[in-house]
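Just coords_1.pdb here, PDB, C-alpha atoms:
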```pdb
ATOM      1  CA  MET A   1      23.030 -21.163  -5.004
ATOM      2  CA  ASN A   2      23.245 -20.138  -1.326
ATOM      3  CA  ILE A   3      23.989 -16.551  -2.361
ATOM      4  CA  ILE A   4      20.969 -16.500  -4.674
ATOM      5  CA  ARG A   5      18.738 -17.867  -1.912
ATOM      6  CA  LYS A   6      20.064 -15.256   0.490
ATOM      7  CA  ILE A   7      19.270 -12.474  -1.970
ATOM      8  CA  PHE A   8      15.917 -13.658  -3.292
ATOM      9  CA  GLY A   9      14.519 -15.846  -0.507
ATOM     10  CA  LYS A  10      13.958 -19.582  -0.151
ATOM     11  CA  ARG A  11      11.828 -19.983  -3.251
ATOM     12  CA  SER A  12      13.430 -20.647  -6.629
ATOM     13  CA  VAL A  13      13.762 -17.665  -8.955
ATOM     14  CA  PRO A  14      12.946 -18.064 -12.680
ATOM     15  CA  PHE A  15      15.845 -17.010 -14.880
ATOM     16  CA  SER A  16      13.874 -14.215 -16.586
ATOM     17  CA  LYS A  17      12.928 -12.778 -13.196
ATOM     18  CA  PHE A  18      16.537 -13.035 -12.056
ATOM     19  CA  ILE A  19      17.665 -11.052 -15.120
ATOM     20  CA  HIS A  20      15.103  -8.310 -14.535
ATOM     21  CA  ILE A  21      16.035  -7.988 -10.853
ATOM     22  CA  CYS A  22      19.737  -7.723 -11.686
ATOM     23  CA  TRP A  23      18.928  -5.157 -14.377
ATOM     24  CA  ALA A  24      16.947  -3.048 -11.887
ATOM     25  CA  LEU A  25      19.680  -3.267  -9.239
ATOM     26  CA  LEU A  26      22.637  -2.527 -11.525
ATOM     27  CA  PHE A  27      21.119  -0.146 -14.074
ATOM     28  CA  PRO A  28      18.061   1.408 -12.397
ATOM     29  CA  LYS A  29      17.645   4.350 -14.808
ATOM     30  CA  TRP A  30      17.638   2.067 -17.837
ATOM     31  CA  TYR A  31      15.274  -0.361 -16.160
ATOM     32  CA  VAL A  32      12.733   2.216 -15.009
ATOM     33  CA  LYS A  33      12.649   3.744 -18.506
ATOM     34  CA  TYR A  34      11.980   0.306 -19.966
ATOM     35  CA  LEU A  35       9.252  -0.416 -17.400
ATOM     36  CA  TYR A  36       7.631   2.982 -17.828
ATOM     37  CA  LYS A  37       7.473   2.624 -21.598
ATOM     38  CA  ARG A  38       6.006  -0.849 -21.251
ATOM     39  CA  ILE A  39       3.275   0.181 -18.789
ATOM     40  CA  VAL A  40       2.488   3.802 -19.687
ATOM     41  CA  ASN A  41       3.405   3.504 -23.376
ATOM     42  CA  LYS A  42       5.377   6.732 -23.517
ATOM     43  CA  LYS A  43       8.976   7.794 -23.023
ATOM     44  CA  LEU A  44      10.034   8.646 -19.481
ATOM     45  CA  SER A  45      11.827  11.955 -18.934
ATOM     46  CA  LEU A  46      14.018  11.892 -15.822
ATOM     47  CA  LYS A  47      15.709  15.190 -16.739
ATOM     48  CA  ASP A  48      12.501  17.199 -16.830
ATOM     49  CA  PRO A  49       9.681  15.179 -15.225
ATOM     50  CA  LYS A  50       6.266  16.799 -15.427
ATOM     51  CA  ASP A  51       3.445  14.590 -14.241
ATOM     52  CA  TYR A  52       2.847  12.564 -11.083
ATOM     53  CA  ASN A  53       4.048   9.350 -12.689
ATOM     54  CA  GLU A  54       7.307  10.787 -13.975
ATOM     55  CA  LYS A  55       8.089  12.542 -10.720
ATOM     56  CA  ILE A  56       7.587   9.365  -8.678
ATOM     57  CA  GLN A  57      10.093   7.598 -10.942
ATOM     58  CA  TRP A  58      12.488  10.539 -10.417
ATOM     59  CA  LEU A  59      12.057  10.287  -6.645
ATOM     60  CA  LYS A  60      12.870   6.562  -6.681
ATOM     61  CA  ILE A  61      16.116   7.221  -8.576
ATOM     62  CA  TYR A  62      17.433  10.508  -7.191
ATOM     63  CA  SER A  63      15.819  11.341  -3.839
ATOM     64  CA  ASP A  64      16.668  10.216  -0.318
ATOM     65  CA  THR A  65      14.302   7.279   0.172
ATOM     66  CA  SER A  66      15.880   6.074   3.429
ATOM     67  CA  LEU A  67      12.560   6.498   5.278
ATOM     68  CA  TRP A  68      10.508   4.800   2.589
ATOM     69  CA  THR A  69      11.520   1.278   3.618
ATOM     70  CA  PRO A  70      10.591   1.455   7.339
ATOM     71  CA  LEU A  71       7.379   3.358   6.579
ATOM     72  CA  ALA A  72       6.303   0.934   3.833
ATOM     73  CA  ASP A  73       6.838  -1.868   6.373
ATOM     74  CA  LYS A  74       3.361  -2.510   7.795
ATOM     75  CA  TYR A  75       4.916  -3.498  11.127
ATOM     76  CA  LYS A  76       7.658  -0.889  11.601
ATOM     77  CA  VAL A  77       5.448   1.991  10.432
ATOM     78  CA  ARG A  78       3.609   1.628  13.733
ATOM     79  CA  ASP A  79       6.632   3.230  15.431
ATOM     80  CA  TYR A  80       6.428   6.247  13.111
ATOM     81  CA  VAL A  81       2.695   6.690  13.725
ATOM     82  CA  THR A  82       3.313   6.536  17.491
ATOM     83  CA  GLN A  83       6.206   9.028  17.242
ATOM     84  CA  CYS A  84       3.842  11.411  15.460
ATOM     85  CA  GLY A  85       1.565  11.277  18.529
ATOM     86  CA  LEU A  86      -1.056   9.136  16.802
ATOM     87  CA  GLY A  87      -0.646   5.810  18.555
ATOM     88  CA  ASP A  88      -4.355   5.772  19.395
ATOM     89  CA  ILE A  89      -5.281   5.187  15.724
ATOM     90  CA  LEU A  90      -3.262   1.966  15.417
ATOM     91  CA  VAL A  91      -5.149  -1.300  15.054
ATOM     92  CA  LYS A  92      -4.554  -3.675  17.975
ATOM     93  CA  LEU A  93      -1.565  -5.957  17.298
ATOM     94  CA  TYR A  94      -1.799  -9.591  18.451
ATOM     95  CA  GLY A  95       1.569 -10.897  17.309
ATOM     96  CA  VAL A  96       4.464 -10.766  14.861
ATOM     97  CA  TRP A  97       6.456 -13.734  13.511
ATOM     98  CA  GLU A  98       9.146 -14.435  10.931
ATOM     99  CA  SER A  99       7.567 -17.775  10.003
ATOM    100  CA  ALA A 100       4.010 -19.083  10.133
ATOM    101  CA  ASP A 101       5.394 -22.151  11.916
ATOM    102  CA  GLU A 102       5.930 -19.920  14.972
ATOM    103  CA  ILE A 103       2.265 -18.898  15.261
ATOM    104  CA  ASP A 104       0.376 -20.249  18.271
ATOM    105  CA  PHE A 105      -3.194 -20.038  17.013
ATOM    106  CA  SER A 106      -4.556 -20.989  20.442
ATOM    107  CA  GLY A 107      -3.424 -17.586  21.714
ATOM    108  CA  LEU A 108      -5.357 -15.680  19.060
ATOM    109  CA  PRO A 109      -9.032 -14.652  19.348
ATOM    110  CA  ASP A 110     -11.777 -16.235  17.253
ATOM    111  CA  LYS A 111     -11.567 -13.394  14.710
ATOM    112  CA  PHE A 112      -8.357 -11.744  13.492
ATOM    113  CA  VAL A 113      -6.447 -10.596  10.418
ATOM    114  CA  LEU A 114      -3.221 -12.174   9.164
ATOM    115  CA  LYS A 115      -0.949 -10.327   6.746
ATOM    116  CA  THR A 116       2.649  -9.954   5.697
ATOM    117  CA  ASN A 117       4.351  -6.638   6.333
ATOM    118  CA  HIS A 118       5.657  -6.193   2.786
ATOM    119  CA  GLY A 119       4.215  -6.112  -0.706
ATOM    120  CA  TYR A 120       0.584  -5.894  -1.727
ATOM    121  CA  GLY A 121      -2.562  -7.945  -1.217
ATOM    122  CA  ARG A 122      -1.063 -10.452   1.207
ATOM    123  CA  VAL A 123      -3.996 -10.451   3.646
ATOM    124  CA  LEU A 124      -6.159 -13.190   5.160
ATOM    125  CA  LEU A 125      -9.312 -12.338   7.105
ATOM    126  CA  VAL A 126     -10.190 -14.981   9.674
ATOM    127  CA  GLU A 127     -13.840 -14.786  10.721
ATOM    128  CA  ASP A 128     -13.942 -18.088  12.583
ATOM    129  CA  LYS A 129     -10.750 -19.654  13.890
ATOM    130  CA  ASN A 130     -12.543 -22.946  14.505
ATOM    131  CA  LYS A 131     -12.996 -23.369  10.747
ATOM    132  CA  LEU A 132      -9.371 -22.574   9.959
ATOM    133  CA  ASP A 133      -7.188 -25.122   8.168
ATOM    134  CA  PHE A 134      -3.975 -24.467  10.090
ATOM    135  CA  VAL A 135      -1.737 -26.432   7.703
ATOM    136  CA  GLU A 136      -3.075 -24.667   4.618
ATOM    137  CA  THR A 137      -2.911 -21.288   6.337
ATOM    138  CA  ARG A 138       0.702 -21.782   7.448
ATOM    139  CA  THR A 139       1.665 -22.883   3.940
ATOM    140  CA  GLN A 140       0.056 -19.825   2.350
ATOM    141  CA  LEU A 141       1.646 -17.414   4.836
ATOM    142  CA  ASN A 142       5.088 -18.977   4.477
ATOM    143  CA  ASN A 143       4.837 -18.722   0.695
ATOM    144  CA  TRP A 144       4.026 -15.031   1.025
ATOM    145  CA  VAL A 145       6.681 -14.189   3.596
ATOM    146  CA  ASN A 146       9.366 -15.932   1.521
ATOM    147  CA  GLU A 147       8.665 -13.679  -1.469
ATOM    148  CA  ARG A 148      11.134 -10.831  -1.789
ATOM    149  CA  TYR A 149       9.258  -7.982  -3.403
ATOM    150  CA  GLY A 150      10.040  -4.715  -5.137
ATOM    151  CA  MET A 151      12.491  -4.997  -8.007
ATOM    152  CA  ILE A 152      10.353  -6.318 -10.858
ATOM    153  CA  SER A 153       7.833  -3.494 -10.275
ATOM    154  CA  PHE A 154      10.723  -1.113  -9.516
ATOM    155  CA  GLU A 155       9.662  -0.239  -6.015
ATOM    156  CA  PRO A 156      13.115  -0.792  -4.479
ATOM    157  CA  HIS A 157      12.167   0.486  -1.027
ATOM    158  CA  TYR A 158      10.287  -2.802  -0.478
ATOM    159  CA  TRP A 159      13.388  -4.885  -1.243
ATOM    160  CA  ASN A 160      15.093  -4.614   2.160
ATOM    161  CA  ILE A 161      12.015  -4.882   4.376
ATOM    162  CA  HIS A 162      12.597  -7.495   7.080
ATOM    163  CA  ARG A 163       9.742  -9.779   6.068
ATOM    164  CA  ARG A 164       7.321 -10.817   8.813
ATOM    165  CA  ILE A 165       3.792 -12.049   9.439
ATOM    166  CA  ILE A 166       1.547 -10.007  11.699
ATOM    167  CA  ALA A 167      -1.837 -10.633  13.312
ATOM    168  CA  GLU A 168      -4.157  -7.712  14.013
ATOM    169  CA  GLU A 169      -7.620  -7.068  15.348
ATOM    170  CA  TYR A 170     -10.516  -7.874  13.024
ATOM    171  CA  LEU A 171     -12.388  -4.583  12.612
ATOM    172  CA  GLU A 172     -16.104  -4.566  11.780
ATOM    173  CA  ASP A 173     -17.972  -1.404  10.815
ATOM    174  CA  LYS A 174     -21.691  -1.667  11.525
ATOM    175  CA  TYR A 175     -22.421   1.869  10.276
ATOM    176  CA  ASN A 176     -21.469   1.156   6.653
ATOM    177  CA  ALA A 177     -22.483  -2.509   6.500
ATOM    178  CA  GLU A 178     -25.285  -1.816   4.013
ATOM    179  CA  ILE A 179     -22.903   0.029   1.683
ATOM    180  CA  SER A 180     -19.858  -2.213   1.751
ATOM    181  CA  SER A 181     -19.195  -5.868   2.546
ATOM    182  CA  SER A 182     -15.680  -4.834   3.662
ATOM    183  CA  LEU A 183     -14.217  -1.915   5.569
ATOM    184  CA  ILE A 184     -14.185   1.258   3.471
ATOM    185  CA  ASP A 185     -10.541   2.051   2.748
ATOM    186  CA  TYR A 186      -9.943   5.811   2.423
ATOM    187  CA  LYS A 187      -6.763   6.530   0.454
ATOM    188  CA  PHE A 188      -5.525  10.117   0.791
ATOM    189  CA  PHE A 189      -3.068  11.304  -1.864
ATOM    190  CA  CYS A 190      -0.970  14.000  -0.188
ATOM    191  CA  PHE A 191       1.547  16.537  -1.526
ATOM    192  CA  HIS A 192       4.025  18.329   0.758
ATOM    193  CA  GLY A 193       1.791  17.618   3.742
ATOM    194  CA  GLU A 194      -1.535  18.574   2.167
ATOM    195  CA  PRO A 195      -4.209  16.014   1.151
ATOM    196  CA  TYR A 196      -5.538  16.480  -2.381
ATOM    197  CA  ILE A 197      -7.603  13.544  -3.651
ATOM    198  CA  ILE A 198      -9.308  10.707  -1.742
ATOM    199  CA  ILE A 199     -10.042   7.317  -3.271
ATOM    200  CA  ALA A 200     -12.671   5.371  -1.314
ATOM    201  CA  MET A 201     -12.378   1.614  -1.888
ATOM    202  CA  TYR A 202     -15.194  -0.652  -0.757
ATOM    203  CA  ASP A 203     -16.652  -4.139  -1.266
ATOM    204  CA  ARG A 204     -13.086  -5.449  -1.306
ATOM    205  CA  LYS A 205     -12.901  -9.210  -1.839
ATOM    206  CA  ASN A 206     -10.030 -10.228   0.448
ATOM    207  CA  PRO A 207      -9.643 -13.970   1.122
ATOM    208  CA  THR A 208     -11.898 -14.572   4.125
ATOM    209  CA  LEU A 209     -11.477 -17.810   6.033
ATOM    210  CA  GLY A 210     -14.471 -19.236   7.889
ATOM    211  CA  SER A 211     -16.971 -17.043   6.023
ATOM    212  CA  ALA A 212     -19.883 -17.929   3.741
ATOM    213  CA  VAL A 213     -19.866 -14.480   2.069
ATOM    214  CA  ASP A 214     -19.910 -14.599  -1.741
ATOM    215  CA  THR A 215     -16.642 -13.269  -3.175
ATOM    216  CA  ASP A 216     -17.704 -13.253  -6.849
ATOM    217  CA  GLY A 217     -17.838 -10.030  -8.852
ATOM    218  CA  PRO A 218     -15.381  -7.086  -8.967
ATOM    219  CA  ARG A 219     -12.471  -7.479  -6.553
ATOM    220  CA  VAL A 220     -12.970  -3.927  -5.270
ATOM    221  CA  LYS A 221     -15.126  -0.887  -6.047
ATOM    222  CA  LYS A 222     -13.750   2.660  -6.044
ATOM    223  CA  GLU A 223     -14.941   6.257  -5.916
ATOM    224  CA  ALA A 224     -12.968   9.531  -5.980
ATOM    225  CA  PHE A 225     -13.538  12.696  -3.936
ATOM    226  CA  ASP A 226     -11.806  15.972  -3.143
ATOM    227  CA  ILE A 227     -11.050  16.897   0.467
ATOM    228  CA  HIS A 228     -14.501  18.523   0.823
ATOM    229  CA  TRP A 229     -16.133  15.248  -0.281
ATOM    230  CA  ASN A 230     -17.199  16.531  -3.675
ATOM    231  CA  SER A 231     -17.280  13.729  -6.226
ATOM    232  CA  ARG A 232     -14.330  13.755  -8.648
ATOM    233  CA  THR A 233     -15.385  11.274 -11.302
ATOM    234  CA  ASP A 234     -13.082  13.116 -13.712
ATOM    235  CA  VAL A 235      -9.805  12.128 -12.025
ATOM    236  CA  TYR A 236     -10.070   8.371 -11.748
ATOM    237  CA  ALA A 237      -9.131   6.293 -14.768
ATOM    238  CA  HIS A 238     -10.793   3.037 -13.642
ATOM    239  CA  ARG A 239     -13.897   4.271 -11.892
ATOM    240  CA  THR A 240     -16.803   2.052 -10.898
ATOM    241  CA  ASP A 241     -19.921   2.623 -13.033
ATOM    242  CA  ASN A 242     -22.424   3.173 -10.240
ATOM    243  CA  TYR A 243     -22.803   6.939 -10.098
ATOM    244  CA  PRO A 244     -23.911   8.991  -8.301
ATOM    245  CA  PRO A 245     -21.393   7.939  -5.629
ATOM    246  CA  ILE A 246     -22.787   5.896  -2.769
ATOM    247  CA  VAL A 247     -19.951   6.220  -0.235
ATOM    248  CA  PRO A 248     -21.026   8.847   2.325
ATOM    249  CA  LYS A 249     -18.734  11.475   3.753
ATOM    250  CA  PRO A 250     -16.903  10.055   6.793
ATOM    251  CA  SER A 251     -18.181  11.595  10.007
ATOM    252  CA  ARG A 252     -14.561  12.198  11.106
ATOM    253  CA  LEU A 253     -13.238  13.496   7.784
ATOM    254  CA  ASP A 254     -11.700  16.628   9.356
ATOM    255  CA  GLU A 255      -9.792  14.473  11.837
ATOM    256  CA  MET A 256      -8.636  12.184   9.027
ATOM    257  CA  LEU A 257      -7.334  15.161   7.033
ATOM    258  CA  GLU A 258      -5.348  16.409  10.039
ATOM    259  CA  ILE A 259      -3.885  12.921  10.561
ATOM    260  CA  CYS A 260      -2.799  12.893   6.916
ATOM    261  CA  ARG A 261      -1.179  16.316   7.246
ATOM    262  CA  THR A 262       0.815  15.097  10.240
ATOM    263  CA  LEU A 263       1.952  11.832   8.656
ATOM    264  CA  SER A 264       2.743  13.264   5.214
ATOM    265  CA  LYS A 265       4.370  16.615   6.048
ATOM    266  CA  SER A 266       7.939  15.364   5.544
ATOM    267  CA  PHE A 267       7.409  14.062   2.010
ATOM    268  CA  PRO A 268       6.811  15.606  -1.436
ATOM    269  CA  GLN A 269       4.128  13.005  -2.034
ATOM    270  CA  VAL A 270       2.717  10.035  -0.179
ATOM    271  CA  ARG A 271      -0.549   8.129   0.139
ATOM    272  CA  VAL A 272      -2.003   7.674   3.616
ATOM    273  CA  ASP A 273      -4.668   4.974   4.065
ATOM    274  CA  LEU A 274      -7.193   5.301   6.877
ATOM    275  CA  TYR A 275     -10.391   3.585   8.023
ATOM    276  CA  GLU A 276     -13.376   4.919   9.918
ATOM    277  CA  VAL A 277     -14.871   2.090  11.953
ATOM    278  CA  ASN A 278     -17.864   2.758  14.178
ATOM    279  CA  LYS A 279     -17.022   6.477  14.194
ATOM    280  CA  LYS A 280     -13.365   5.912  15.149
ATOM    281  CA  VAL A 281     -10.389   6.495  12.835
ATOM    282  CA  TYR A 282      -7.806   3.737  12.328
ATOM    283  CA  PHE A 283      -4.501   3.774  10.470
ATOM    284  CA  GLY A 284      -4.053   1.474   7.476
ATOM    285  CA  GLU A 285      -0.687   2.026   5.795
ATOM    286  CA  ILE A 286       1.620   4.514   4.073
ATOM    287  CA  THR A 287       2.433   4.058   0.383
ATOM    288  CA  PHE A 288       5.041   5.934  -1.648
ATOM    289  CA  THR A 289       4.395   4.297  -5.024
ATOM    290  CA  SER A 290       0.647   3.881  -5.282
ATOM    291  CA  GLY A 291      -0.160   1.393  -8.024
ATOM    292  CA  GLY A 292       3.561   1.157  -8.699
ATOM    293  CA  GLY A 293       3.446   4.892  -9.387
ATOM    294  CA  MET A 294       1.880   4.291 -12.799
ATOM    295  CA  GLN A 295      -1.858   3.731 -12.317
ATOM    296  CA  TYR A 296      -5.082   5.140 -10.817
ATOM    297  CA  PHE A 297      -5.636   8.490 -12.569
ATOM    298  CA  THR A 298      -6.294  10.054 -15.968
ATOM    299  CA  PRO A 299      -3.389  11.700 -17.864
ATOM    300  CA  GLU A 300      -4.863  15.135 -17.121
ATOM    301  CA  SER A 301      -5.041  14.374 -13.406
ATOM    302  CA  PHE A 302      -1.512  12.981 -13.377
ATOM    303  CA  LEU A 303      -0.281  16.270 -14.860
ATOM    304  CA  GLU A 304      -2.212  18.355 -12.330
ATOM    305  CA  MET A 305      -0.870  16.240  -9.462
ATOM    306  CA  GLY A 306       2.642  16.563 -10.819
ATOM    307  CA  LYS A 307       2.374  20.346 -10.543
ATOM    308  CA  LYS A 308       1.824  19.949  -6.813
ATOM    309  CA  MET A 309       5.231  18.269  -6.342
ATOM    310  CA  ASP A 310       8.180  20.666  -5.997
ATOM    311  CA  LEU A 311      11.273  18.556  -6.595
ATOM    312  CA  SER A 312      13.568  21.491  -5.754
ATOM    313  CA  LYS A 313      12.646  20.947  -2.090
ATOM    314  CA  VAL A 314      13.543  17.263  -2.141
ATOM    315  CA  LYS A 315      16.552  15.925  -0.254
ATOM    316  CA  GLN A 316      18.907  14.150  -2.659
ATOM    317  CA  ARG A 317      20.126  10.572  -2.387
ATOM    318  CA  THR A 318      23.620  10.114  -0.930
ATOM    319  CA  LYS A 319      23.838   6.330  -1.334
ATOM    320  CA  ARG A 320      25.057   5.169  -4.721
ATOM    321  CA  CYS A 321      22.912   2.030  -4.751
ATOM    322  CA  ILE A 322      19.109   2.316  -4.856
ATOM    323  CA  VAL A 323      18.700  -0.298  -2.091
TER     324      VAL A 323
END
```

What's the structure tokens form of this structure?
Amino acid sequence: MNIIRKIFGKRSVPFSKFIHICWALLFPKWYVKYLYKRIVNKKLSLKDPKDYNEKIQWLKIYSDTSLWTPLADKYKVRDYVTQCGLGDILVKLYGVWESADEIDFSGLPDKFVLKTNHGYGRVLLVEDKNKLDFVETRTQLNNWVNERYGMISFEPHYWNIHRRIIAEEYLEDKYNAEISSSLIDYKFFCFHGEPYIIIAMYDRKNPTLGSAVDTDGPRVKKEAFDIHWNSRTDVYAHRTDNYPPIVPKPSRLDEMLEICRTLSKSFPQVRVDLYEVNKKVYFGEITFTSGGGMQYFTPESFLEMGKKMDLSKVKQRTKRCIV
């Protein structure tokens, strides 16, 4: 039991989940083929991958993913951004903890953001600290930080992230307030250091503590653009039905594209997330398996994106184990 807790975290692991995790760890090629068939509903070819989806699965199995783990870590990636000479685009960091029990809320400002550094969607926006239920908040954060993530979705680079809780500055964008109730999240899909498609996500309904804002309706709205900010309604499989697009071209788009080229140049494919807040660019995160590597775009777009990935240039894995 102690070994299981050490591997999977403090929370109990259902037997079916345990079996799937062991399957992914011990027989990754079999597992990813099973998962791909289940989600995409077609057979995965690892010998001759063609589209974006297939090539991401190939990268997870055969390529050197040693940098994926520290760069998918929302805390450690800050070092990489700084090393690239872009430390000025980092959001202000207030603190980092291994347990929510360590957080001294009295030392935090009235507004801040709490998140875990691994996984997806583990974010709390605090608009008024005085309205915060500290017990409930600690419980929620500890539940999140105790979750070991990555094997069920076959994103093994998340598995060995040293799980932490971080507090960051609460950013507010007055320029786009009439368009979006949240920050507009610009997601740049890059290939061999060159941005290709941008997904703008807005009106995101993150849990917001101390706010009276209505969170009903779609969890997030999305629009697609090319790097010249031409609408690309043809590429996105789950587009929002509110065309023509309402998200305006960022005033610092050229700067954002250069930032993406710098951060993505070492990888065959990666997604770089940025914000523009009050005419200043901020870094969000780096993602190697967007949507688990199996969502977002139409089959035609996946094939076109796959053509942009040259696997012959990819450094091969030397470790036998995928984690």

query = How far is it from atom CA of Val272 of chain A to atom CA of Asn53 of chain A, in Å with one decimal?
reply = 17.5 Å

query = Using the chain letters and numbers from the file, which residues does the PyMOL selection byres ((chain A and resi 121-124) around 10) grab, as a list of chain:residue names?
reply =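 Given this file, the PyMOL selection byres ((chain A and resi 121-124) around 10) evaluates to A:Phe112, A:Val113, A:Leu114, A:Lys115, A:Thr116, A:Asn117, A:His118, A:Gly119, A:Tyr120, A:Leu125, A:Val126, A:Glu127, A:Thr137, A:Gln140, A:Leu141, A:Trp144, A:Val145, A:Ile165, A:Ile166, A:Ala167, A:Asn206, A:Pro207, A:Thr208, A:Leu209.
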
task = Decode the PyMOL selection byres ((chain A and resi 97) around 6) for the given file into explicit residues and return them as a ChimeraX atom specification.
result = /A:96,98-99,164-165

task = Just give me the gap between atom CA of Ile184 of chain A and atom CA of Arg271 of chain A in Å, one decimal is fine.
result =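 The value is 15.6 Å.
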
request  = Rounded to one decimal place, report the atom CA of Leu71 of chain A-atom CA of Thr287 of chain A distance in Å.
outcome  =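 Those two atoms sit 8.0 Å apart.
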
Identify all residues satisfying the PyMOL selection byres ((chain A and resi 49) around 12) in the given file; provide them as a PDB file with C-alpha atoms, keeping the file's coordinate frame.
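Wrote out23.pdb, looks like this:
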```pdb
ATOM      1  CA  LYS A  43       8.976   7.794 -23.023  1.00  0.00           C
ATOM      2  CA  LEU A  44      10.034   8.646 -19.481  1.00  0.00           C
ATOM      3  CA  SER A  45      11.827  11.955 -18.934  1.00  0.00           C
ATOM      4  CA  LEU A  46      14.018  11.892 -15.822  1.00  0.00           C
ATOM      5  CA  LYS A  47      15.709  15.190 -16.739  1.00  0.00           C
ATOM      6  CA  ASP A  48      12.501  17.199 -16.830  1.00  0.00           C
ATOM      7  CA  LYS A  50       6.266  16.799 -15.427  1.00  0.00           C
ATOM      8  CA  ASP A  51       3.445  14.590 -14.241  1.00  0.00           C
ATOM      9  CA  TYR A  52       2.847  12.564 -11.083  1.00  0.00           C
ATOM     10  CA  ASN A  53       4.048   9.350 -12.689  1.00  0.00           C
ATOM     11  CA  GLU A  54       7.307  10.787 -13.975  1.00  0.00           C
ATOM     12  CA  LYS A  55       8.089  12.542 -10.720  1.00  0.00           C
ATOM     13  CA  ILE A  56       7.587   9.365  -8.678  1.00  0.00           C
ATOM     14  CA  GLN A  57      10.093   7.598 -10.942  1.00  0.00           C
ATOM     15  CA  TRP A  58      12.488  10.539 -10.417  1.00  0.00           C
ATOM     16  CA  LEU A  59      12.057  10.287  -6.645  1.00  0.00           C
ATOM     17  CA  PHE A 302      -1.512  12.981 -13.377  1.00  0.00           C
ATOM     18  CA  LEU A 303      -0.281  16.270 -14.860  1.00  0.00           C
ATOM     19  CA  GLY A 306       2.642  16.563 -10.819  1.00  0.00           C
ATOM     20  CA  LYS A 307       2.374  20.346 -10.543  1.00  0.00           C
ATOM     21  CA  MET A 309       5.231  18.269  -6.342  1.00  0.00           C
ATOM     22  CA  ASP A 310       8.180  20.666  -5.997  1.00  0.00           C
ATOM     23  CA  LEU A 311      11.273  18.556  -6.595  1.00  0.00           C
TER      24      LEU A 311
END
```

key: Residue nearest Tyr202 of chain A among A:Glu136, A:Asp173, A:Glu300, A:Glu155 (counting all atoms listed in the file)   = A:Asp173

task = Find the residues with any atom within 10 Å of (19.3, -3.9, -8.4); use all atoms listed in the file and the coordinates as given in the file, and write the answer as a ChimeraX atom specification.
result = /A:19-28,31,150-152,154,156,159,321-323

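Shortest separation to Phe288 of chain A among A:Arg78, A:Lys33, A:Lys92, A:His157 occurs at residue A:His157, atoms counted being all atoms listed in the file.
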
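You can rank A:Thr69, A:Ser182, A:Tyr170, A:Trp30 by their closest distance to Tyr149 of chain A using only C-alpha atoms, and at the top of that list sits A:Thr69.
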
request  = Would you mind telling me which residue in A:Leu86, A:Ile259, A:Glu304, A:Ile179 lies nearest to Ile246 of chain A when using all atoms listed in the file?
outcome  =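 Selected residue with least distance to Ile246 of chain A: A:Ile179.
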
request  = Please provide as a PyMOL selection string all residues within 10 Å of Lys187 of chain A, with the sequence filter that same-chain residues fewer than 6 positions apart are discarded (counting only C-alpha atoms).
outcome  = chain A and resi 195+197-201+224+260+271-275+284-287+290

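Counting all atoms listed in the file, the residue from A:Leu183, A:Gln83, A:Leu108, A:Ile89 that sits nearest to Glu255 of chain A is A:Ile89.
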